[in-house]
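A short write-up of the structure that comes next.
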Amino acid sequence: MWQAETFDISTIERELTWAADIGMNTVRIYLHDLLFAEEPRDFLGRIEKVFSVAASKDIGVIPVLFDGVWNPKPQLGKQPEPKPFLHNSMWVQSPGSDMFYDRSRWSELRNYVFEVLSFFKDDERVIAWDLFNEPDQVDVVTLKLGSRNEKITTATELVGAVFGWAREVGVTQPLTVGVWEYDKDGQVAMNSLNQLIVDQSDIISFHCYEPREKLTAVINALATHGRPLLCTEWLARSAGSTVDLLSVFKDAGVGAINWGLVDGRTQTRFPWRSWTEQVDDDEPWFHELLHPDGTAYDVQEIETFRRLTSS
């Protein structure tokens with residue numbers, strides 16, 4: 001999406017037009033530290049173009065600075081072609097594991113955070129800063145790199161540092177990192193990282209790909225913190241997270257950003273289990289709402305979006 005050779009603002013504008021037509025007013029957009037390290041000014045310029053296009057459609061943005069999910073060995077340059085039927089086969093972490101576990105290089109990440117946030121720190125188009133997506137996510141589907149406990153410990157230290165750097169910048173927008181693991185009652189699975197996240201986040205953001213009963217329990221549990229709630233990932237049809245749950249978010253006054261819009265190279269219409277077993281091309285879509293030409297995967301779903309957002 002972001003590299004100069006493949007940056008396609010016309011496609012981005014077309015798809016954001018479709019998002020606005022559905023009734024969406026916010027999109028969550030992933031950035032990457034390697035893109036900044038390669039050419040800071042050009043990267044910031046491309047971000048500015050995307051934010052401007054979104055604003056022209058009355059859509060705000062929630063940028064994601066770092067990501068702990070999928071391939072821990074990111075590289076610049078031509079990216080590999082998607083592996084058939086594989087969910088997120090090309091997605092890369094930020095920072096990569098080499099830098100994530102090397103504290104002597106975190107100053108490079110500090111510079112990235114300072115420059116990006118300083119550039120947009122008073123920008124009304126930015127709804128919030130999502131500082132780190134699932135920083136402790138298991139690396140089992142790509143490369144096993146140490147224990148989960150080691151990743152949680154390192155992530156706690158790095159996420160704490162990122163919150164500190166962001167507050168030094170003095171951004172006017174709220175800061176958040178999403179929680180994503182819960183017990184059977186919907187309570188956040190507390191460890192050092194999640195405690196830090198809950199303590200430091202200006203708004204409580206969370207991921208929930210669960211059916212109605214569990215989603216309601218998670219919302220009720222998180223509401224006890226007394227801060228605005230924003231679900232930054234939901235919609236996984238075969239896992240029970242379906243478009244009709246938009247009414248749960250609306251009734252609870254909780255922001256909701258579903259995973260995926262247009263079926264494309266990320267291939268997230270295929271389920272997570274495609275990493276461990278073969279899946280068929282004709283099974284129900286996992287994520288995504290639209291075909292590449294903008295037509296709906298399910299017309300009734302789109303009508304639900306329009307009805308609930310317009311009211």
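How things are named: the first chain in the structure tokens is A, the next is B, and so on; residues count from 1 in each chain; ligands count from 1 in the order shown.
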
Contact check, segment 164-197 of chain A to segment 226-233 of chain A, at most 10 Å, counting only C-alpha atoms, closest pairs as a Markdown table:
| residue | atom | partner | partner_atom | distance |
| --- | --- | --- | --- | --- |
| A:Thr176 | CA | A:Leu230 | CA | 9.6 |
| A:Val177 | CA | A:Thr232 | CA | 9.6 |
| A:Gly178 | CA | A:Thr232 | CA | 7.3 |
| A:Val179 | CA | A:Cys231 | CA | 9.5 |
| A:Trp180 | CA | A:Glu233 | CA | 9.1 |

Polymer residues at most 8 Å from segment 254-262 of chain A, only C-alpha atoms, same-chain spacing of 5 or more positions, as a ChimeraX atom specification: /A:15,19,26-28,228-235,246,249,268,287-292,294

Closest-contact table, segment 69-151 of chain A side, partner segment 273-279 of chain A, 9 Å, counting only C-alpha atoms, as a tab-separated table:
residue	atom	partner	partner_atom	distance
A:Phe85	CA	A:Val279	CA	6.7
A:Leu86	CA	A:Ser274	CA	5.5
A:His87	CA	A:Ser274	CA	6.2
A:Ser89	CA	A:Trp275	CA	8.7
A:Val141	CA	A:Trp275	CA	6.6

Residues of the last selection are to be written out with N, CA and C atoms, as a PDB file, in the first residue's frame.
ATOM      1  N   PHE A  85      -5.348 -19.019  -1.068  1.00  0.00           N
ATOM      2  CA  PHE A  85      -6.274 -19.422   0.000  1.00  0.00           C
ATOM      3  C   PHE A  85      -5.725 -19.213   1.403  1.00  0.00           C
ATOM      4  N   LEU A  86      -4.662 -18.425   1.574  1.00  0.00           N
ATOM      5  CA  LEU A  86      -4.039 -18.253   2.884  1.00  0.00           C
ATOM      6  C   LEU A  86      -4.314 -16.854   3.431  1.00  0.00           C
ATOM      7  N   HIS A  87      -4.938 -16.802   4.589  1.00  0.00           N
ATOM      8  CA  HIS A  87      -5.264 -15.559   5.281  1.00  0.00           C
ATOM      9  C   HIS A  87      -3.981 -14.773   5.591  1.00  0.00           C
ATOM     10  N   SER A  89      -1.246 -13.853   4.121  1.00  0.00           N
ATOM     11  CA  SER A  89       0.027 -14.547   3.900  1.00  0.00           C
ATOM     12  C   SER A  89       1.212 -13.599   3.771  1.00  0.00           C
ATOM     13  N   VAL A 141       2.367 -19.144  13.816  1.00  0.00           N
ATOM     14  CA  VAL A 141       1.995 -19.441  12.439  1.00  0.00           C
ATOM     15  C   VAL A 141       3.075 -19.044  11.443  1.00  0.00           C
TER      16      VAL A 141
END

Atom-to-atom span, atom CA of Trp272 of chain A and atom CA of Asp298 of chain A, Å: 20.8 Å

Give me the residues near segment 237-245 of chain A as a short mmCIF file (atom, residue, chain, number, x, y, z; two decimals) with N, CA and C atoms, in the first residue's frame, where near means some atom within 7 Å (using only C-alpha atoms) and where sequence neighbours in that chain fewer than 3 positions away do not count.
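The result, stored in out-v1.cif:
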data_model
loop_
_atom_site.label_atom_id
_atom_site.label_comp_id
_atom_site.auth_asym_id
_atom_site.auth_seq_id
_atom_site.Cartn_x
_atom_site.Cartn_y
_atom_site.Cartn_z
N TYR A 209 -13.87 -10.85 18.30
CA TYR A 209 -14.42 -11.63 17.19
C TYR A 209 -15.38 -12.71 17.72
N GLU A 210 -16.11 -12.36 18.77
CA GLU A 210 -16.97 -13.32 19.46
C GLU A 210 -18.45 -13.10 19.11
N PRO A 211 -19.28 -14.13 19.34
CA PRO A 211 -20.74 -13.98 19.15
C PRO A 211 -21.35 -12.99 20.14
N ARG A 212 -22.63 -12.76 20.00
CA ARG A 212 -23.34 -11.70 20.72
C ARG A 212 -23.17 -11.77 22.24
N TRP A 234 -13.52 -6.39 14.63
CA TRP A 234 -14.59 -7.37 14.79
C TRP A 234 -14.99 -7.83 13.38
N VAL A 248 -25.43 -4.25 18.48
CA VAL A 248 -24.93 -4.33 19.85
C VAL A 248 -24.03 -3.14 20.15
N PHE A 249 -23.12 -2.85 19.22
CA PHE A 249 -22.24 -1.69 19.40
C PHE A 249 -23.04 -0.40 19.46
N TRP A 285 -17.27 -16.18 3.43
CA TRP A 285 -16.19 -15.24 3.71
C TRP A 285 -16.04 -15.07 5.22
N PHE A 286 -14.79 -14.93 5.66
CA PHE A 286 -14.47 -14.70 7.06
C PHE A 286 -14.57 -13.21 7.36
N HIS A 287 -13.70 -12.41 6.74
CA HIS A 287 -13.77 -10.94 6.80
C HIS A 287 -14.22 -10.41 5.43
N GLU A 301 -26.21 -7.33 4.42
CA GLU A 301 -25.22 -6.78 5.34
C GLU A 301 -25.03 -5.28 5.09
#

Spatial neighbours of segment 116-123 of chain A, max dist 12 Å, only C-alpha atoms, sep filter under 2 positions, as a ChimeraX atom specification: /A:31-33,35-37,40-48,51-52,55,60-65,109-114,125-131,162-163,165-175

Which of A:Val159, A:Asp293, A:Ser147, A:Arg307 sits closest to Arg14 of chain A [using only C-alpha atoms]: A:Asp293

DSSP strand (DSSP E) residues within segment 26-192 of chain A, as a ChimeraX atom specification: /A:26-30,60-67,129-133,175-176,178-179

From A:Ala252, A:Ile203, A:Ile302, A:Leu76, residue lying nearest Asn220 of chain A [only C-alpha atoms]: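 Selected residue with least distance to Asn220 of chain A: A:Ala252.
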
Identify, with DSSP run on backbone atoms, the residues in segment 88-293 of chain A assigned to alpha helix (DSSP H), and express the list as a compact mmCIF listing (two decimals) with N, CA and C atoms, in the first residue's frame.
# COMPACT_ATOMS: atom_id res chain seq x y z
N SER A 97 11.17 -8.70 14.38
CA SER A 97 11.67 -9.30 15.62
C SER A 97 13.10 -8.89 15.94
N ASP A 98 13.93 -8.66 14.93
CA ASP A 98 15.32 -8.26 15.19
C ASP A 98 15.37 -6.98 16.01
N MET A 99 14.52 -6.01 15.67
CA MET A 99 14.51 -4.75 16.39
C MET A 99 13.67 -4.84 17.66
N PHE A 100 12.59 -5.60 17.61
CA PHE A 100 11.71 -5.76 18.77
C PHE A 100 12.48 -6.25 19.98
N TRP A 106 15.97 0.62 19.92
CA TRP A 106 14.67 1.26 20.13
C TRP A 106 14.72 2.77 19.91
N SER A 107 15.90 3.35 19.94
CA SER A 107 15.99 4.78 19.64
C SER A 107 15.53 5.08 18.22
N GLU A 108 15.72 4.11 17.31
CA GLU A 108 15.24 4.28 15.94
C GLU A 108 13.71 4.33 15.92
N LEU A 109 13.10 3.52 16.76
CA LEU A 109 11.64 3.51 16.85
C LEU A 109 11.13 4.81 17.49
N ARG A 110 11.89 5.30 18.44
CA ARG A 110 11.53 6.57 19.07
C ARG A 110 11.50 7.69 18.04
N ASN A 111 12.46 7.72 17.16
CA ASN A 111 12.50 8.76 16.13
C ASN A 111 11.29 8.65 15.21
N TYR A 112 10.93 7.44 14.84
CA TYR A 112 9.73 7.19 14.01
C TYR A 112 8.48 7.74 14.70
N VAL A 113 8.30 7.39 15.97
CA VAL A 113 7.12 7.85 16.71
C VAL A 113 7.12 9.38 16.81
N PHE A 114 8.26 9.96 17.17
CA PHE A 114 8.34 11.41 17.33
C PHE A 114 8.00 12.13 16.03
N GLU A 115 8.58 11.70 14.93
CA GLU A 115 8.40 12.43 13.67
C GLU A 115 6.97 12.29 13.13
N VAL A 116 6.42 11.08 13.16
CA VAL A 116 5.07 10.88 12.63
C VAL A 116 4.04 11.61 13.49
N LEU A 117 4.14 11.44 14.80
CA LEU A 117 3.16 12.08 15.67
C LEU A 117 3.31 13.60 15.67
N SER A 118 4.53 14.08 15.61
CA SER A 118 4.72 15.54 15.58
C SER A 118 4.11 16.15 14.32
N PHE A 119 4.20 15.43 13.21
CA PHE A 119 3.68 15.92 11.94
C PHE A 119 2.15 16.07 11.99
N PHE A 120 1.49 15.17 12.72
CA PHE A 120 0.02 15.15 12.72
C PHE A 120 -0.56 15.42 14.11
N ARG A 148 6.04 -17.20 24.53
CA ARG A 148 5.01 -16.17 24.63
C ARG A 148 5.32 -15.25 25.80
N ASN A 149 5.76 -15.81 26.91
CA ASN A 149 6.08 -14.97 28.08
C ASN A 149 7.18 -13.97 27.76
N GLU A 150 8.16 -14.41 26.96
CA GLU A 150 9.24 -13.48 26.59
C GLU A 150 8.69 -12.34 25.75
N LYS A 151 7.75 -12.67 24.85
CA LYS A 151 7.19 -11.61 24.01
C LYS A 151 6.34 -10.66 24.85
N ILE A 152 5.58 -11.19 25.80
CA ILE A 152 4.78 -10.32 26.67
C ILE A 152 5.68 -9.39 27.46
N THR A 153 6.76 -9.93 28.02
CA THR A 153 7.69 -9.12 28.81
C THR A 153 8.31 -8.00 27.99
N THR A 154 8.78 -8.35 26.78
CA THR A 154 9.39 -7.35 25.91
C THR A 154 8.36 -6.33 25.45
N ALA A 155 7.18 -6.82 25.09
CA ALA A 155 6.12 -5.93 24.62
C ALA A 155 5.71 -4.94 25.71
N THR A 156 5.65 -5.40 26.93
CA THR A 156 5.28 -4.50 28.03
C THR A 156 6.26 -3.33 28.11
N GLU A 157 7.54 -3.63 28.02
CA GLU A 157 8.56 -2.59 28.10
C GLU A 157 8.48 -1.65 26.90
N LEU A 158 8.33 -2.22 25.69
CA LEU A 158 8.30 -1.39 24.49
C LEU A 158 7.03 -0.56 24.41
N VAL A 159 5.89 -1.15 24.71
CA VAL A 159 4.63 -0.39 24.66
C VAL A 159 4.66 0.74 25.68
N GLY A 160 5.21 0.47 26.86
CA GLY A 160 5.35 1.54 27.85
C GLY A 160 6.20 2.68 27.33
N ALA A 161 7.28 2.32 26.63
CA ALA A 161 8.14 3.35 26.05
C ALA A 161 7.40 4.15 24.97
N VAL A 162 6.63 3.45 24.13
CA VAL A 162 5.90 4.13 23.05
C VAL A 162 4.87 5.10 23.61
N PHE A 163 4.15 4.69 24.64
CA PHE A 163 3.22 5.62 25.30
C PHE A 163 3.98 6.85 25.80
N GLY A 164 5.14 6.63 26.40
CA GLY A 164 5.93 7.75 26.90
C GLY A 164 6.38 8.69 25.80
N TRP A 165 6.86 8.12 24.69
CA TRP A 165 7.30 8.96 23.57
C TRP A 165 6.13 9.78 23.01
N ALA A 166 4.97 9.12 22.88
CA ALA A 166 3.81 9.81 22.33
C ALA A 166 3.37 10.96 23.23
N ARG A 167 3.44 10.75 24.53
CA ARG A 167 3.04 11.83 25.44
C ARG A 167 4.05 12.97 25.44
N GLU A 168 5.31 12.64 25.19
CA GLU A 168 6.31 13.70 25.06
C GLU A 168 6.00 14.61 23.88
N VAL A 169 5.49 14.03 22.80
CA VAL A 169 5.14 14.82 21.62
C VAL A 169 4.01 15.79 21.95
N SER A 192 1.08 -8.28 32.75
CA SER A 192 1.77 -6.99 32.86
C SER A 192 1.44 -6.07 31.70
N LEU A 193 1.32 -6.64 30.50
CA LEU A 193 1.05 -5.82 29.32
C LEU A 193 -0.36 -5.25 29.35
N ASN A 194 -1.35 -6.10 29.58
CA ASN A 194 -2.73 -5.62 29.56
C ASN A 194 -3.00 -4.63 30.68
N GLN A 195 -2.36 -4.80 31.84
CA GLN A 195 -2.51 -3.83 32.91
C GLN A 195 -1.97 -2.47 32.48
N LEU A 196 -0.81 -2.49 31.83
CA LEU A 196 -0.23 -1.24 31.32
C LEU A 196 -1.16 -0.59 30.29
N ILE A 197 -1.69 -1.39 29.39
CA ILE A 197 -2.56 -0.86 28.34
C ILE A 197 -3.79 -0.20 28.94
N VAL A 198 -4.43 -0.88 29.86
CA VAL A 198 -5.64 -0.34 30.48
C VAL A 198 -5.32 0.93 31.26
N ASP A 199 -4.19 0.95 31.95
CA ASP A 199 -3.81 2.13 32.73
C ASP A 199 -3.47 3.32 31.85
N GLN A 200 -2.83 3.09 30.71
CA GLN A 200 -2.28 4.17 29.90
C GLN A 200 -3.21 4.68 28.79
N ARG A 212 -22.63 -12.76 20.00
CA ARG A 212 -23.34 -11.70 20.72
C ARG A 212 -23.17 -11.77 22.24
N GLU A 213 -23.36 -12.93 22.84
CA GLU A 213 -23.31 -13.02 24.30
C GLU A 213 -21.94 -12.65 24.84
N LYS A 214 -20.88 -13.17 24.22
CA LYS A 214 -19.53 -12.88 24.69
C LYS A 214 -19.17 -11.42 24.39
N LEU A 215 -19.56 -10.90 23.24
CA LEU A 215 -19.29 -9.50 22.92
C LEU A 215 -19.93 -8.59 23.96
N THR A 216 -21.18 -8.87 24.31
CA THR A 216 -21.87 -8.06 25.31
C THR A 216 -21.16 -8.11 26.65
N ALA A 217 -20.67 -9.30 27.02
CA ALA A 217 -19.94 -9.44 28.29
C ALA A 217 -18.65 -8.65 28.28
N VAL A 218 -17.94 -8.67 27.16
CA VAL A 218 -16.68 -7.92 27.04
C VAL A 218 -16.95 -6.43 27.15
N ILE A 219 -17.97 -5.94 26.46
CA ILE A 219 -18.31 -4.51 26.53
C ILE A 219 -18.66 -4.12 27.96
N ASN A 220 -19.47 -4.93 28.64
CA ASN A 220 -19.88 -4.60 30.01
C ASN A 220 -18.67 -4.57 30.95
N ALA A 221 -17.74 -5.50 30.75
CA ALA A 221 -16.55 -5.54 31.60
C ALA A 221 -15.66 -4.33 31.36
N LEU A 222 -15.45 -3.98 30.10
CA LEU A 222 -14.58 -2.85 29.78
C LEU A 222 -15.20 -1.51 30.18
N ALA A 223 -16.53 -1.45 30.20
CA ALA A 223 -17.21 -0.20 30.55
C ALA A 223 -16.94 0.22 31.98
N LEU A 246 -23.56 -5.25 14.74
CA LEU A 246 -23.43 -3.79 14.70
C LEU A 246 -24.47 -3.13 15.60
N SER A 247 -25.63 -3.76 15.75
CA SER A 247 -26.66 -3.20 16.63
C SER A 247 -26.24 -3.25 18.10
N VAL A 248 -25.43 -4.25 18.48
CA VAL A 248 -24.93 -4.33 19.85
C VAL A 248 -24.03 -3.14 20.15
N PHE A 249 -23.12 -2.85 19.22
CA PHE A 249 -22.24 -1.69 19.40
C PHE A 249 -23.04 -0.40 19.46
N LYS A 250 -24.00 -0.26 18.56
CA LYS A 250 -24.78 0.98 18.51
C LYS A 250 -25.57 1.18 19.80
N ASP A 251 -26.22 0.13 20.28
CA ASP A 251 -27.02 0.24 21.50
C ASP A 251 -26.15 0.56 22.71
N ALA A 252 -24.90 0.08 22.71
CA ALA A 252 -24.00 0.31 23.84
C ALA A 252 -23.22 1.60 23.70

Distance in Å - atom CA of Ala296 of chain A versus atom CA of Arg265 of chain A: 17.5 Å
